[in-house]
>>> print(open('final_11.csv').read())   # CSV, C-alpha atoms and all ligand atoms
chain,number,residue,atom,x,y,z
A,27,MET,CA,65.8,1.5,-6.1
A,28,ILE,CA,65.5,5.2,-6.2
A,29,ASN,CA,62.5,7.0,-4.8
A,30,LEU,CA,61.4,9.4,-7.4
A,31,THR,CA,59.6,11.5,-4.8
A,32,GLU,CA,63.0,12.6,-3.6
A,33,TYR,CA,63.3,14.1,-7.1
A,34,GLY,CA,60.1,16.1,-6.8
A,35,TYR,CA,57.7,13.5,-8.2
A,36,ASN,CA,54.2,13.6,-6.8
A,37,ASP,CA,50.5,12.9,-7.4
A,38,ILE,CA,50.2,15.9,-9.8
A,39,TYR,CA,52.2,13.9,-12.2
A,40,GLU,CA,51.2,10.4,-11.2
A,41,MET,CA,47.5,11.1,-11.9
A,42,GLN,CA,48.3,12.1,-15.5
A,43,ILE,CA,49.3,8.5,-16.4
A,44,THR,CA,46.6,6.6,-18.1
A,45,GLU,CA,45.8,2.9,-17.6
A,46,GLU,CA,46.9,2.2,-21.2
A,47,GLU,CA,50.2,3.8,-20.6
A,48,LYS,CA,50.7,1.7,-17.4
A,49,GLU,CA,49.7,-1.5,-19.3
A,50,ILE,CA,52.4,-1.0,-22.0
A,51,GLY,CA,54.9,-0.6,-19.2
A,52,LEU,CA,55.6,3.2,-19.3
A,53,ILE,CA,57.2,4.6,-16.1
A,54,PRO,CA,57.9,8.1,-14.9
A,55,ALA,CA,61.3,9.7,-15.0
A,56,ARG,CA,62.8,13.2,-14.5
A,57,ILE,CA,65.0,14.8,-17.1
A,58,ILE,CA,68.3,15.8,-15.4
A,59,SER,CA,70.1,17.2,-18.4
A,60,VAL,CA,69.6,17.9,-22.1
A,61,GLN,CA,72.5,17.9,-24.6
A,62,LYS,CA,71.4,18.2,-28.2
A,63,GLU,CA,69.4,15.0,-28.9
A,64,THR,CA,70.5,13.2,-25.8
A,65,TYR,CA,68.4,13.3,-22.7
A,66,ARG,CA,69.8,12.2,-19.3
A,67,LEU,CA,67.1,11.1,-16.9
A,68,ILE,CA,66.6,9.6,-13.5
A,69,THR,CA,64.1,6.8,-12.9
A,70,THR,CA,63.5,4.3,-10.0
A,71,TYR,CA,66.2,2.2,-11.7
A,72,GLY,CA,68.8,5.0,-11.7
A,73,GLU,CA,70.3,7.4,-14.2
A,74,LYS,CA,70.0,6.6,-17.9
A,75,ASN,CA,70.4,8.2,-21.3
A,76,ALA,CA,67.3,8.4,-23.3
A,77,LYS,CA,66.1,9.3,-26.8
A,78,LEU,CA,62.7,10.6,-28.0
A,79,LYS,CA,60.3,8.2,-29.5
A,80,GLY,CA,60.4,9.5,-33.0
A,81,SER,CA,56.9,8.6,-34.1
A,82,VAL,CA,55.5,10.6,-31.2
A,83,PHE,CA,57.6,13.7,-31.2
A,84,TYR,CA,58.6,14.5,-34.8
A,85,GLN,CA,55.0,14.5,-36.1
A,86,ASP,CA,54.2,17.1,-33.5
A,87,ALA,CA,55.8,20.3,-34.5
A,88,ARG,CA,54.9,22.1,-31.3
A,89,TYR,CA,58.2,22.7,-29.7
A,90,ARG,CA,56.6,23.0,-26.3
A,91,ASN,CA,56.1,19.3,-26.0
A,92,TYR,CA,59.8,18.5,-26.2
A,93,PRO,CA,61.4,17.5,-22.9
A,94,ALA,CA,63.4,20.2,-21.0
A,95,VAL,CA,65.5,19.8,-17.9
A,96,GLY,CA,63.3,19.3,-14.9
A,97,ASP,CA,60.5,17.7,-16.9
A,98,PHE,CA,58.7,14.5,-15.8
A,99,CYS,CA,58.3,12.2,-18.7
A,100,LEU,CA,56.9,8.8,-19.4
A,101,ILE,CA,59.5,6.4,-20.6
A,102,LYS,CA,60.0,2.9,-21.6
A,103,ALA,CA,63.1,1.4,-19.9
A,104,ASN,CA,65.4,-0.4,-22.3
A,105,THR,CA,68.0,-2.7,-20.9
A,106,MET,CA,69.8,-3.0,-24.3
A,107,GLY,CA,70.4,0.7,-24.8
A,108,ASP,CA,68.9,4.2,-24.3
A,109,ASP,CA,65.5,4.4,-22.7
A,110,VAL,CA,62.7,5.8,-24.9
A,111,ILE,CA,60.8,9.0,-24.0
A,112,TYR,CA,57.1,8.7,-25.0
A,113,ARG,CA,55.5,11.8,-23.5
A,114,VAL,CA,56.2,14.8,-21.3
A,115,LEU,CA,53.8,15.1,-18.4
A,116,GLU,CA,52.0,18.4,-18.0
A,117,ARG,CA,54.3,20.9,-16.4
A,118,ARG,CA,53.6,22.3,-13.0
A,119,THR,CA,55.8,25.4,-13.7
A,120,CYS,CA,58.0,26.3,-16.5
A,121,PHE,CA,60.2,29.2,-17.7
A,122,SER,CA,60.5,29.8,-21.4
A,123,ARG,CA,62.1,32.3,-23.7
A,124,LEU,CA,62.1,33.0,-27.4
A,125,ASN,CA,64.4,30.4,-29.1
A,126,PRO,CA,67.3,32.6,-30.3
A,127,THR,CA,67.9,30.2,-33.2
A,128,LEU,CA,64.3,30.3,-34.4
A,129,ARG,CA,63.3,33.9,-34.2
A,130,THR,CA,61.8,34.5,-37.6
A,131,THR,CA,58.2,34.1,-36.5
A,132,VAL,CA,56.5,34.5,-33.2
A,133,SER,CA,54.7,31.3,-32.8
A,134,SER,CA,54.7,28.5,-30.3
A,135,ALA,CA,57.5,26.9,-32.4
A,136,SER,CA,59.9,29.6,-31.3
A,137,GLU,CA,59.4,29.1,-27.6
A,138,GLN,CA,62.2,27.4,-25.8
A,139,ILE,CA,61.6,25.9,-22.4
A,140,VAL,CA,64.5,26.7,-20.2
A,141,ALA,CA,63.5,24.6,-17.2
A,142,ALA,CA,60.4,23.0,-15.8
A,143,ASN,CA,58.7,21.9,-12.6
A,144,PHE,CA,60.7,24.1,-10.2
A,145,ASP,CA,59.4,25.7,-7.0
A,146,TYR,CA,61.7,28.7,-6.8
A,147,ILE,CA,63.2,30.6,-9.6
A,148,PHE,CA,66.4,32.5,-8.6
A,149,ILE,CA,66.8,35.6,-10.8
A,150,MET,CA,70.5,36.2,-10.3
A,151,ALA,CA,72.7,39.2,-11.1
A,152,SER,CA,76.1,40.3,-10.0
A,153,LEU,CA,76.6,43.5,-8.0
A,154,ASN,CA,79.6,44.6,-10.0
A,155,HIS,CA,79.7,45.6,-13.7
A,156,ASP,CA,76.8,43.3,-14.7
A,157,PHE,CA,74.2,45.1,-12.6
A,158,ASN,CA,71.3,46.2,-14.7
A,159,VAL,CA,67.9,46.9,-13.2
A,160,ARG,CA,66.0,46.8,-16.5
A,161,ARG,CA,67.3,43.3,-17.3
A,162,ILE,CA,66.3,42.0,-13.9
A,163,GLU,CA,62.9,43.5,-14.4
A,164,ARG,CA,62.5,41.6,-17.7
A,165,TYR,CA,63.5,38.4,-16.1
A,166,LEU,CA,61.0,39.0,-13.3
A,167,THR,CA,58.1,39.6,-15.7
A,168,THR,CA,58.8,36.3,-17.4
A,169,ALA,CA,59.5,34.6,-14.1
A,170,TRP,CA,56.1,35.5,-12.7
A,171,GLN,CA,54.5,33.7,-15.7
A,172,SER,CA,56.4,30.6,-14.9
A,173,GLY,CA,54.2,29.6,-12.0
A,174,GLY,CA,57.3,29.4,-9.7
A,175,ILE,CA,58.2,31.8,-7.0
A,176,PRO,CA,60.8,34.3,-8.2
A,177,ILE,CA,63.5,35.3,-5.8
A,178,VAL,CA,66.2,37.9,-6.6
A,179,VAL,CA,69.7,37.0,-5.7
A,180,LEU,CA,72.4,39.6,-6.0
A,181,THR,CA,75.9,38.0,-6.1
A,182,LYS,CA,79.5,39.1,-5.5
A,183,ALA,CA,78.7,41.4,-2.6
A,184,ASP,CA,82.4,41.4,-1.8
A,185,LEU,CA,83.0,43.4,-5.0
A,186,CYS,CA,80.5,46.1,-4.2
A,187,ASP,CA,80.6,48.7,-1.4
A,188,ASN,CA,77.1,50.1,-1.9
A,189,TYR,CA,75.0,46.9,-2.2
A,190,SER,CA,72.2,48.3,0.0
A,191,SER,CA,71.4,51.1,-2.5
A,192,LYS,CA,71.5,48.5,-5.4
A,193,ALA,CA,69.2,46.2,-3.5
A,194,ALA,CA,66.9,49.2,-2.9
A,195,GLU,CA,66.8,49.8,-6.7
A,196,ILE,CA,65.5,46.2,-7.1
A,197,GLU,CA,63.1,46.7,-4.2
A,198,ALA,CA,61.6,49.6,-6.1
A,199,ILE,CA,60.7,47.5,-9.2
A,200,ALA,CA,59.8,44.4,-7.2
A,201,PRO,CA,58.0,45.6,-4.0
A,202,GLY,CA,57.6,42.9,-1.4
A,203,MET,CA,59.7,40.4,-3.2
A,204,ASP,CA,62.5,38.4,-1.5
A,205,ILE,CA,65.9,40.0,-2.4
A,206,HIS,CA,69.1,38.4,-1.2
A,207,VAL,CA,72.6,39.8,-1.2
A,208,ILE,CA,75.3,37.2,-1.1
A,209,SER,CA,78.9,36.4,-1.7
A,210,THR,CA,80.0,32.8,-2.3
A,211,LEU,CA,83.5,33.9,-1.8
A,212,THR,CA,83.1,35.2,1.8
A,213,GLY,CA,79.9,33.4,2.7
A,214,PHE,CA,78.1,36.7,3.2
A,215,GLY,CA,74.3,36.3,3.2
A,216,MET,CA,74.4,32.6,2.4
A,217,ASP,CA,72.4,31.7,5.5
A,218,THR,CA,69.5,33.8,4.3
A,219,LEU,CA,68.9,31.2,1.5
A,220,ASP,CA,68.3,28.4,4.0
A,221,LYS,CA,64.5,28.8,3.9
A,222,TYR,CA,64.4,27.6,0.3
A,223,LEU,CA,66.6,24.6,0.9
A,224,LYS,CA,64.0,21.9,1.6
A,225,PRO,CA,64.3,18.3,0.4
A,226,ALA,CA,62.6,17.5,-2.9
A,227,THR,CA,62.2,21.3,-3.6
A,228,THR,CA,63.5,22.4,-7.0
A,229,LEU,CA,65.4,25.7,-7.5
A,230,VAL,CA,66.4,27.0,-10.9
A,231,PHE,CA,69.3,29.5,-11.3
A,232,LEU,CA,69.0,32.1,-14.1
A,233,GLY,CA,71.0,35.1,-15.1
A,234,SER,CA,73.8,36.3,-17.3
A,235,SER,CA,77.1,34.4,-17.8
A,236,GLY,CA,79.8,34.9,-15.2
A,237,ILE,CA,77.7,36.1,-12.3
A,238,GLY,CA,78.2,33.1,-10.1
A,239,LYS,CA,75.4,30.7,-10.7
A,240,SER,CA,77.6,27.6,-10.7
A,241,SER,CA,79.6,29.0,-7.8
A,242,LEU,CA,76.4,29.1,-5.8
A,243,VAL,CA,75.6,25.5,-6.8
A,244,ASN,CA,79.0,24.5,-5.5
A,245,ALA,CA,78.7,26.6,-2.3
A,246,LEU,CA,75.3,25.1,-1.4
A,247,ALA,CA,76.5,21.6,-2.3
A,248,ASN,CA,79.7,22.1,-0.4
A,249,LYS,CA,81.7,20.5,-3.2
A,250,GLU,CA,82.6,21.2,-6.8
A,251,LEU,CA,79.6,19.9,-8.8
A,252,MET,CA,80.0,22.5,-11.5
A,253,LYS,CA,83.1,23.8,-13.1
A,254,VAL,CA,83.8,27.4,-12.4
A,255,ASN,CA,86.4,29.3,-14.3
A,256,GLU,CA,88.9,31.2,-12.2
A,257,ILE,CA,89.2,34.1,-14.6
A,258,ARG,CA,89.8,37.7,-13.8
A,259,GLU,CA,86.7,39.8,-13.2
A,260,ASN,CA,87.3,42.1,-16.2
A,261,ASP,CA,87.8,39.1,-18.6
A,262,SER,CA,84.7,37.3,-17.6
A,263,LYS,CA,82.4,39.0,-20.0
A,264,GLY,CA,80.9,36.9,-22.8
A,265,HIS,CA,82.7,33.7,-21.6
A,266,HIS,CA,80.3,30.8,-21.0
A,267,THR,CA,81.5,28.3,-18.5
A,268,THR,CA,78.3,26.2,-18.1
A,269,THR,CA,77.3,24.9,-21.5
A,270,TYR,CA,74.1,23.0,-20.8
A,271,ARG,CA,71.3,22.8,-18.3
A,272,GLN,CA,71.7,20.3,-15.5
A,273,LEU,CA,69.7,19.2,-12.5
A,274,PHE,CA,71.5,18.2,-9.3
A,275,LYS,CA,70.4,16.6,-6.1
A,276,LEU,CA,72.4,17.8,-3.1
A,277,ASP,CA,73.1,15.7,0.0
A,278,ASN,CA,70.5,17.7,1.9
A,279,GLY,CA,67.8,16.6,-0.7
A,280,VAL,CA,67.5,20.0,-2.5
A,281,LEU,CA,67.3,19.9,-6.2
A,282,ILE,CA,69.0,22.6,-8.2
A,283,ILE,CA,68.9,23.3,-11.9
A,284,ASP,CA,72.0,25.2,-13.1
A,285,THR,CA,71.7,26.9,-16.5
A,286,PRO,CA,74.3,28.6,-18.8
A,287,GLY,CA,74.2,32.4,-18.8
A,288,MET,CA,71.7,33.7,-21.3
A,289,ARG,CA,72.8,36.5,-23.6
A,290,GLU,CA,69.3,37.4,-24.4
A,291,LEU,CA,66.0,36.6,-22.9
A,292,GLY,CA,63.6,37.5,-25.7
A,293,VAL,CA,60.6,37.6,-23.4
A,294,TRP,CA,58.0,35.2,-24.7
A,295,ALA,CA,55.4,37.2,-26.6
A,296,VAL,CA,52.4,36.3,-24.4
A,297,GLU,CA,49.7,37.7,-26.6
A,298,GLU,CA,50.6,35.8,-29.8
A,299,GLY,CA,51.3,32.6,-28.0
A,300,LEU,CA,48.2,32.5,-25.9
A,301,GLY,CA,45.7,31.1,-28.4
A,302,GLU,CA,48.1,28.4,-29.6
A,303,THR,CA,49.1,27.4,-26.1
A,304,PHE,CA,45.6,27.3,-24.7
A,305,PHE,CA,43.7,26.3,-27.8
A,306,ASP,CA,41.5,24.0,-25.6
A,307,ILE,CA,40.4,26.8,-23.4
A,308,GLU,CA,39.8,29.2,-26.3
A,309,GLU,CA,37.7,26.5,-27.9
A,310,LEU,CA,35.7,26.0,-24.7
A,311,ALA,CA,35.2,29.7,-24.3
A,312,ALA,CA,33.9,29.9,-27.9
A,313,SER,CA,31.1,27.5,-27.0
A,314,CYS,CA,29.8,29.5,-24.0
A,315,ARG,CA,26.1,30.6,-24.4
A,316,PHE,CA,27.1,34.3,-24.2
A,317,HIS,CA,29.8,35.5,-26.5
A,318,ASP,CA,31.0,37.9,-23.9
A,319,CYS,CA,30.9,35.4,-21.1
A,320,SER,CA,33.2,36.2,-18.2
A,321,HIS,CA,33.2,32.5,-17.1
A,322,THR,CA,32.3,33.4,-13.6
A,323,LYS,CA,28.5,33.2,-13.1
A,324,GLU,CA,26.8,33.1,-16.5
A,325,PRO,CA,24.4,30.2,-17.3
A,326,GLY,CA,25.6,27.9,-20.1
A,327,CYS,CA,29.3,28.6,-19.5
A,328,ALA,CA,31.3,25.9,-21.0
A,329,VAL,CA,34.5,26.8,-19.2
A,330,LYS,CA,32.8,26.5,-15.8
A,331,ALA,CA,31.3,23.2,-16.8
A,332,ALA,CA,34.7,21.8,-17.8
A,333,LEU,CA,36.2,23.0,-14.5
A,334,ASP,CA,33.4,21.3,-12.6
A,335,ASP,CA,33.6,18.0,-14.3
A,336,GLY,CA,37.4,18.1,-14.3
A,337,THR,CA,38.1,18.1,-18.0
A,338,LEU,CA,39.8,21.4,-17.5
A,339,SER,CA,42.2,21.6,-14.6
A,340,GLN,CA,42.1,24.5,-12.2
A,341,GLY,CA,45.9,25.0,-12.6
A,342,ARG,CA,45.6,25.3,-16.4
A,343,TRP,CA,42.7,27.7,-16.1
A,344,LYS,CA,44.5,29.9,-13.6
A,345,SER,CA,47.6,30.1,-15.7
A,346,TYR,CA,45.4,31.0,-18.7
A,347,VAL,CA,43.8,33.8,-16.7
A,348,ARG,CA,47.1,35.0,-15.5
A,349,LEU,CA,48.6,35.1,-19.0
A,350,LYS,CA,45.6,36.8,-20.4
A,351,LYS,CA,46.0,39.6,-17.9
A,352,GLU,CA,49.7,39.8,-18.7
A,353,ALA,CA,49.0,40.0,-22.4
A,354,GLY,CA,46.6,42.8,-21.8
A,355,TYR,CA,49.3,44.5,-19.9
A,356,SER,CA,51.9,44.1,-22.6
A,357,SER,CA,49.6,45.3,-25.3
A,358,ARG,CA,48.7,48.4,-23.3
A,359,LYS,CA,52.4,48.9,-22.8
A,360,ALA,CA,53.1,48.4,-26.5
A,361,ALA,CA,50.4,51.0,-27.3
A,362,TYR,CA,51.9,53.4,-24.9
A,363,LEU,CA,55.3,52.9,-26.4
A,364,ARG,CA,53.9,53.4,-29.9
A,365,ALA,CA,52.2,56.6,-28.8
A,366,LYS,CA,55.4,57.8,-27.2
A,367,THR,CA,57.5,57.1,-30.3
A,368,GLU,CA,54.8,58.9,-32.4
A,369,ARG,CA,55.1,61.9,-30.0
A,370,ASN,CA,58.9,61.9,-30.2
A,371,LYS,CA,58.7,61.8,-34.0
A,372,ASN,CA,56.4,64.8,-34.0
A,373,VAL,CA,58.7,66.6,-31.7
A,374,ILE,CA,61.7,65.9,-33.9
A,375,LYS,CA,59.7,66.9,-37.0
A,376,LYS,CA,58.7,70.2,-35.3
A,377,GLN,CA,62.3,70.9,-34.3
A,378,ARG,CA,63.4,70.2,-37.9
A,379,SER,CA,60.8,72.5,-39.4
A,380,GLU,CA,61.7,75.2,-36.9
A,381,LYS,CA,65.3,74.9,-38.0
A,382,TYR,CA,64.6,75.6,-41.6
B,401,LIG,N1,84.5,38.0,-6.0
B,401,LIG,C1,83.6,37.0,-6.2
B,401,LIG,N2,83.7,36.2,-7.3
B,401,LIG,C2,82.8,35.3,-7.5
B,401,LIG,C3,81.7,35.1,-6.6
B,401,LIG,N3,80.9,34.1,-7.1
B,401,LIG,C4,81.5,33.7,-8.3
B,401,LIG,N4,82.6,34.4,-8.5
B,401,LIG,C5,83.5,34.3,-9.7
B,401,LIG,O1,82.8,34.6,-10.9
B,401,LIG,C6,83.3,33.9,-12.0
B,401,LIG,C7,82.1,33.2,-12.7
B,401,LIG,O2,81.5,32.3,-11.8
B,401,LIG,P1,80.5,31.1,-12.3
B,401,LIG,O3,79.9,30.5,-11.1
B,401,LIG,O4,81.2,30.2,-13.2
B,401,LIG,O5,79.4,31.9,-13.1
B,401,LIG,P2,78.2,31.4,-13.9
B,401,LIG,O6,77.1,32.3,-13.6
B,401,LIG,O7,77.9,30.0,-13.6
B,401,LIG,O8,78.6,31.5,-15.4
B,401,LIG,P3,78.1,30.7,-16.7
B,401,LIG,O9,78.2,29.3,-16.4
B,401,LIG,O10,79.0,31.1,-17.8
B,401,LIG,O11,76.7,31.1,-17.0
B,401,LIG,C8,84.3,32.9,-11.4
B,401,LIG,O12,85.6,33.4,-11.6
B,401,LIG,C9,84.0,32.9,-9.9
B,401,LIG,O13,85.1,32.5,-9.1
B,401,LIG,C10,81.7,35.9,-5.4
B,401,LIG,O14,80.8,35.8,-4.6
B,401,LIG,N5,82.6,36.9,-5.3
B,402,MG,MG,77.9,28.3,-14.7
B,403,ZN,ZN,31.9,31.0,-20.1
>>> encode(input="final_11.csv", output="structure tokens", more="lines below")
Ligand SMILES: Nc1nc2c(ncn2[C@@H]2O[C@H](COP(=O)(O)OP(=O)(O)OP(=O)(O)O)[C@@H](O)[C@H]2O)c(=O)[nH]1
Ligand SMILES: [Mg+2]
Ligand SMILES: [Zn+2]
Amino acid sequence: MINLTEYGYNDIYEMQITEEEKEIGLIPARIISVQKETYRLITTYGEKNAKLKGSVFYQDARYRNYPAVGDFCLIKANTMGDDVIYRVLERRTCFSRLNPTLRTTVSSASEQIVAANFDYIFIMASLNHDFNVRRIERYLTTAWQSGGIPIVVLTKADLCDNYSSKAAEIEAIAPGMDIHVISTLTGFGMDTLDKYLKPATTLVFLGSSGIGKSSLVNALANKELMKVNEIRENDSKGHHTTTYRQLFKLDNGVLIIDTPGMRELGVWAVEEGLGETFFDIEELAASCRFHDCSHTKEPGCAVKAALDDGTLSQGRWKSYVRLKKEAGYSSRKAAYLRAKTERNKNVIKKQRSEKY
């Protein structure tokens, strides 16, 4: 028997299971990889392939509820074939991006969950030609929304002779954040990652293709878990070695989710998604006595009542508040950018009129 707590399972998930679900024999499992329609998962019985229970998933168009790597699900074990996934348990943390294949509209249907239920989110970039501060900043913005702790890992230190100045550039956009400079080739800086390597702790590796995510998985595992292509540095661009997301348990008990390099992040449009994602909270807020209720000390506050009687979890409320703030920030930023574009247009117009 496998102990699922070694795979990060704990009370946060356990308490979401209803009596009815227990009665019909549903058990928890963690998704360890997703390839098209096939889900690979781990349960107390071991590793199995699983399929979605069609009647539950297909009538629910909200993409968000589909399992992603790292998710804890309720499944029905099937000795005759694939197990059946009934439900995704509420995520403790998750990282999402706009689904590049569904970009026509910005709705919750175009959100793609990259990984779920991790503790640390490694935002990785290589110190050679891939290095791009703005891209790292975009990743960090989204990573903060995930609920996990973002860590910056700069790879291939052996190919860079001014890594401290590059690390300083990151420090400037992410003050106080942990930044690590490593080389899996020489072993440089590898020991600085030790503090994240605790049993049953989940790490997710994100970053462009070819920067050494899988190499780091292998280096930490001390064996070749993931295929790494030994291609020349200047040929590595645009070549994906890892093709799907996968969760590994190392011998030291650490859980790592390796992901394929992302060409584009398409930062999840927080503002548009907020109401759909947190429809329950928006509904509650609408029934507060005062329409401009701040949900802190007003009488007749429905949000506070729901928090008190437990129908709304503190975690969900906190992430709503955080996202709301974030949305305010991005709309202010958008307004600023619009104003700036307007100004530029006027400058160009003026220059043009001066010409003629
Ligand atoms: N010089 C040097 N090369 C490295 C280092 N780490 C990885 N590489 C090389 O970089 C190339 C890409 O490494 P991978 O680990 O496959 O990169 P990845 O981020 O997993 O790429 P995808 O799976 O495509 O997303 C390989 O040729 C590695 O040998 C390093 O620290 N130094
Ligand atoms: Mg890889
Ligand atoms: Zn209120």
>>> residues_around(input="final_11.csv", residues="segment 322-331 of chain A", least_positions_apart="2", cutoff="10 Å", atoms="all atoms listed in the file", output="JSON, numbers by chain")
{"A": [306, 307, 308, 309, 310, 311, 312, 313, 314, 315, 316, 317, 318, 319, 320, 333, 334, 335, 336, 337, 338, 343]}
>>> atom_distance(input="final_11.csv", atom1="atom CA of Lys253 of chain A", atom2="atom CA of Gly174 of chain A")
26.6 Å
>>> residues_around(input="final_11.csv", residues="segment 151-167 of chain A", least_positions_apart="5", cutoff="7 Å", atoms="all atoms listed in the file", output="VMD selection string")
chain A and resid 176 179 to 183 185 to 186 189 196 199 233 to 234 237
>>> closest_residue(input="final_11.csv", among="A:Leu223, A:Ile283, A:Ile175, A:Ile208", to="ligand LIG 401 (chain B)", atoms="all atoms listed in the file")
A:Ile208
>>> residues_around(input="final_11.csv", residues="segment 104-109 of chain A", least_positions_apart="5", cutoff="12 Å", atoms="only C-alpha atoms", output="list in words")
Gly51, Leu52, Ile53, Pro54, Ala55, Ile57, Glu63, Thr64, Tyr65, Arg66, Leu67, Ile68, Thr69, Tyr71, Gly72, Glu73, Lys74, Asn75, Ala76, Lys77, Leu78, Lys79 and Cys99 of chain A
>>> write_last_selection(input="final_11.csv", atoms="C-alpha atoms", output="PDB file, in the frame of the given file")
ATOM      1  CA  GLY A  51      54.900  -0.600 -19.200  1.00  0.00           C
ATOM      2  CA  LEU A  52      55.600   3.200 -19.300  1.00  0.00           C
ATOM      3  CA  ILE A  53      57.200   4.600 -16.100  1.00  0.00           C
ATOM      4  CA  PRO A  54      57.900   8.100 -14.900  1.00  0.00           C
ATOM      5  CA  ALA A  55      61.300   9.700 -15.000  1.00  0.00           C
ATOM      6  CA  ILE A  57      65.000  14.800 -17.100  1.00  0.00           C
ATOM      7  CA  GLU A  63      69.400  15.000 -28.900  1.00  0.00           C
ATOM      8  CA  THR A  64      70.500  13.200 -25.800  1.00  0.00           C
ATOM      9  CA  TYR A  65      68.400  13.300 -22.700  1.00  0.00           C
ATOM     10  CA  ARG A  66      69.800  12.200 -19.300  1.00  0.00           C
ATOM     11  CA  LEU A  67      67.100  11.100 -16.900  1.00  0.00           C
ATOM     12  CA  ILE A  68      66.600   9.600 -13.500  1.00  0.00           C
ATOM     13  CA  THR A  69      64.100   6.800 -12.900  1.00  0.00           C
ATOM     14  CA  TYR A  71      66.200   2.200 -11.700  1.00  0.00           C
ATOM     15  CA  GLY A  72      68.800   5.000 -11.700  1.00  0.00           C
ATOM     16  CA  GLU A  73      70.300   7.400 -14.200  1.00  0.00           C
ATOM     17  CA  LYS A  74      70.000   6.600 -17.900  1.00  0.00           C
ATOM     18  CA  ASN A  75      70.400   8.200 -21.300  1.00  0.00           C
ATOM     19  CA  ALA A  76      67.300   8.400 -23.300  1.00  0.00           C
ATOM     20  CA  LYS A  77      66.100   9.300 -26.800  1.00  0.00           C
ATOM     21  CA  LEU A  78      62.700  10.600 -28.000  1.00  0.00           C
ATOM     22  CA  LYS A  79      60.300   8.200 -29.500  1.00  0.00           C
ATOM     23  CA  CYS A  99      58.300  12.200 -18.700  1.00  0.00           C
TER      24      CYS A  99
END
>>> closest_atom_pairs(input="final_11.csv", of="chain A", to="ligand MG 402 (chain B)", cutoff="12 Å", atoms="only C-alpha atoms and all ligand atoms", output="tab-separated table")
residue	atom	partner	partner_atom	distance
A:Met150	CA	B:MG402	MG	11.7
A:Phe231	CA	B:MG402	MG	9.3
A:Leu232	CA	B:MG402	MG	9.7
A:Gly233	CA	B:MG402	MG	9.7
A:Ser234	CA	B:MG402	MG	9.4
A:Ser235	CA	B:MG402	MG	6.9
A:Gly236	CA	B:MG402	MG	6.9
A:Ile237	CA	B:MG402	MG	8.2
A:Gly238	CA	B:MG402	MG	6.7
A:Lys239	CA	B:MG402	MG	5.3
A:Ser240	CA	B:MG402	MG	4.1
A:Ser241	CA	B:MG402	MG	7.1
A:Leu242	CA	B:MG402	MG	9.1
A:Val243	CA	B:MG402	MG	8.7
A:Asn244	CA	B:MG402	MG	10.0
A:Glu250	CA	B:MG402	MG	11.6
A:Leu251	CA	B:MG402	MG	10.4
A:Met252	CA	B:MG402	MG	6.9
A:Lys253	CA	B:MG402	MG	7.1
A:Val254	CA	B:MG402	MG	6.4
A:Asn255	CA	B:MG402	MG	8.6
A:Glu256	CA	B:MG402	MG	11.6
A:Ser262	CA	B:MG402	MG	11.6
A:His265	CA	B:MG402	MG	10.0
A:His266	CA	B:MG402	MG	7.2
A:Thr267	CA	B:MG402	MG	5.2
A:Thr268	CA	B:MG402	MG	4.0
A:Thr269	CA	B:MG402	MG	7.6
A:Tyr270	CA	B:MG402	MG	8.9
A:Arg271	CA	B:MG402	MG	9.3
A:Gln272	CA	B:MG402	MG	10.2
A:Ile283	CA	B:MG402	MG	10.7
A:Asp284	CA	B:MG402	MG	6.9
A:Thr285	CA	B:MG402	MG	6.6
A:Pro286	CA	B:MG402	MG	5.5
A:Gly287	CA	B:MG402	MG	6.9
A:Met288	CA	B:MG402	MG	10.5
>>> atom_distance(input="final_11.csv", atom1="atom CA of Val140 of chain A", atom2="atom CA of Cys120 of chain A")
7.5 Å
>>> residues_around(input="final_11.csv", residues="Tyr39 of chain A", least_positions_apart="4", cutoff="12 Å", atoms="all atoms listed in the file", output="list in words")
Leu30, Thr31, Gly34, Tyr35, Ile43, Thr44, Ile53, Pro54, Ala55, Arg56, Asp97, Phe98, Cys99, Leu100, Arg113, Val114, Leu115, Glu116, Arg117, Arg118 and Asn143 of chain A
>>> atom_distance(input="final_11.csv", atom1="atom CA of Lys102 of chain A", atom2="atom CA of Met27 of chain A")
16.6 Å
>>> closest_residue(input="final_11.csv", among="A:Glu32, A:Ile147, A:Glu195, A:Ile282", to="Trp170 of chain A", atoms="all atoms listed in the file")
A:Ile147
>>> axis_aligned_box(input="final_11.csv", around="segment 319-325 of chain A", padding_each_side="4 Å", output="AutoDock Vina command-line options")
--center_x 28.8 --center_y 33.2 --center_z -17.1 --size_x 16.8 --size_y 14.0 --size_z 16.0
>>> closest_residue(input="final_11.csv", among="A:Val60, A:Leu349, A:Leu211, A:Ile50", to="Val95 of chain A", atoms="all atoms listed in the file")
A:Val60
>>> closest_residue(input="final_11.csv", among="A:Gln42, A:Ser345, A:Ala332, A:Leu276", to="ligand ZN 403 (chain B)", atoms="all atoms listed in the file")
A:Ala332
>>> closest_residue(input="final_11.csv", among="A:Ser209, A:Gln61, A:Thr70, A:Thr227", to="ligand LIG 401 (chain B)", atoms="all atoms listed in the file")
A:Ser209
>>> closest_residue(input="final_11.csv", among="A:Phe83, A:Arg123, A:Lys249, A:Gln138", to="Ile111 of chain A", atoms="all atoms listed in the file")
A:Phe83
>>> residues_around(input="final_11.csv", residues="Met203 of chain A", least_positions_apart="3", cutoff="8 Å", atoms="only C-alpha atoms", output="ChimeraX atom specification")
/A:176-178,197,200
>>> write_last_selection(input="final_11.csv", atoms="C-alpha atoms", output="PDB file, in the coordinates of the input")
ATOM      1  CA  PRO A 176      60.800  34.300  -8.200  1.00  0.00           C
ATOM      2  CA  ILE A 177      63.500  35.300  -5.800  1.00  0.00           C
ATOM      3  CA  VAL A 178      66.200  37.900  -6.600  1.00  0.00           C
ATOM      4  CA  GLU A 197      63.100  46.700  -4.200  1.00  0.00           C
ATOM      5  CA  ALA A 200      59.800  44.400  -7.200  1.00  0.00           C
TER       6      ALA A 200
END
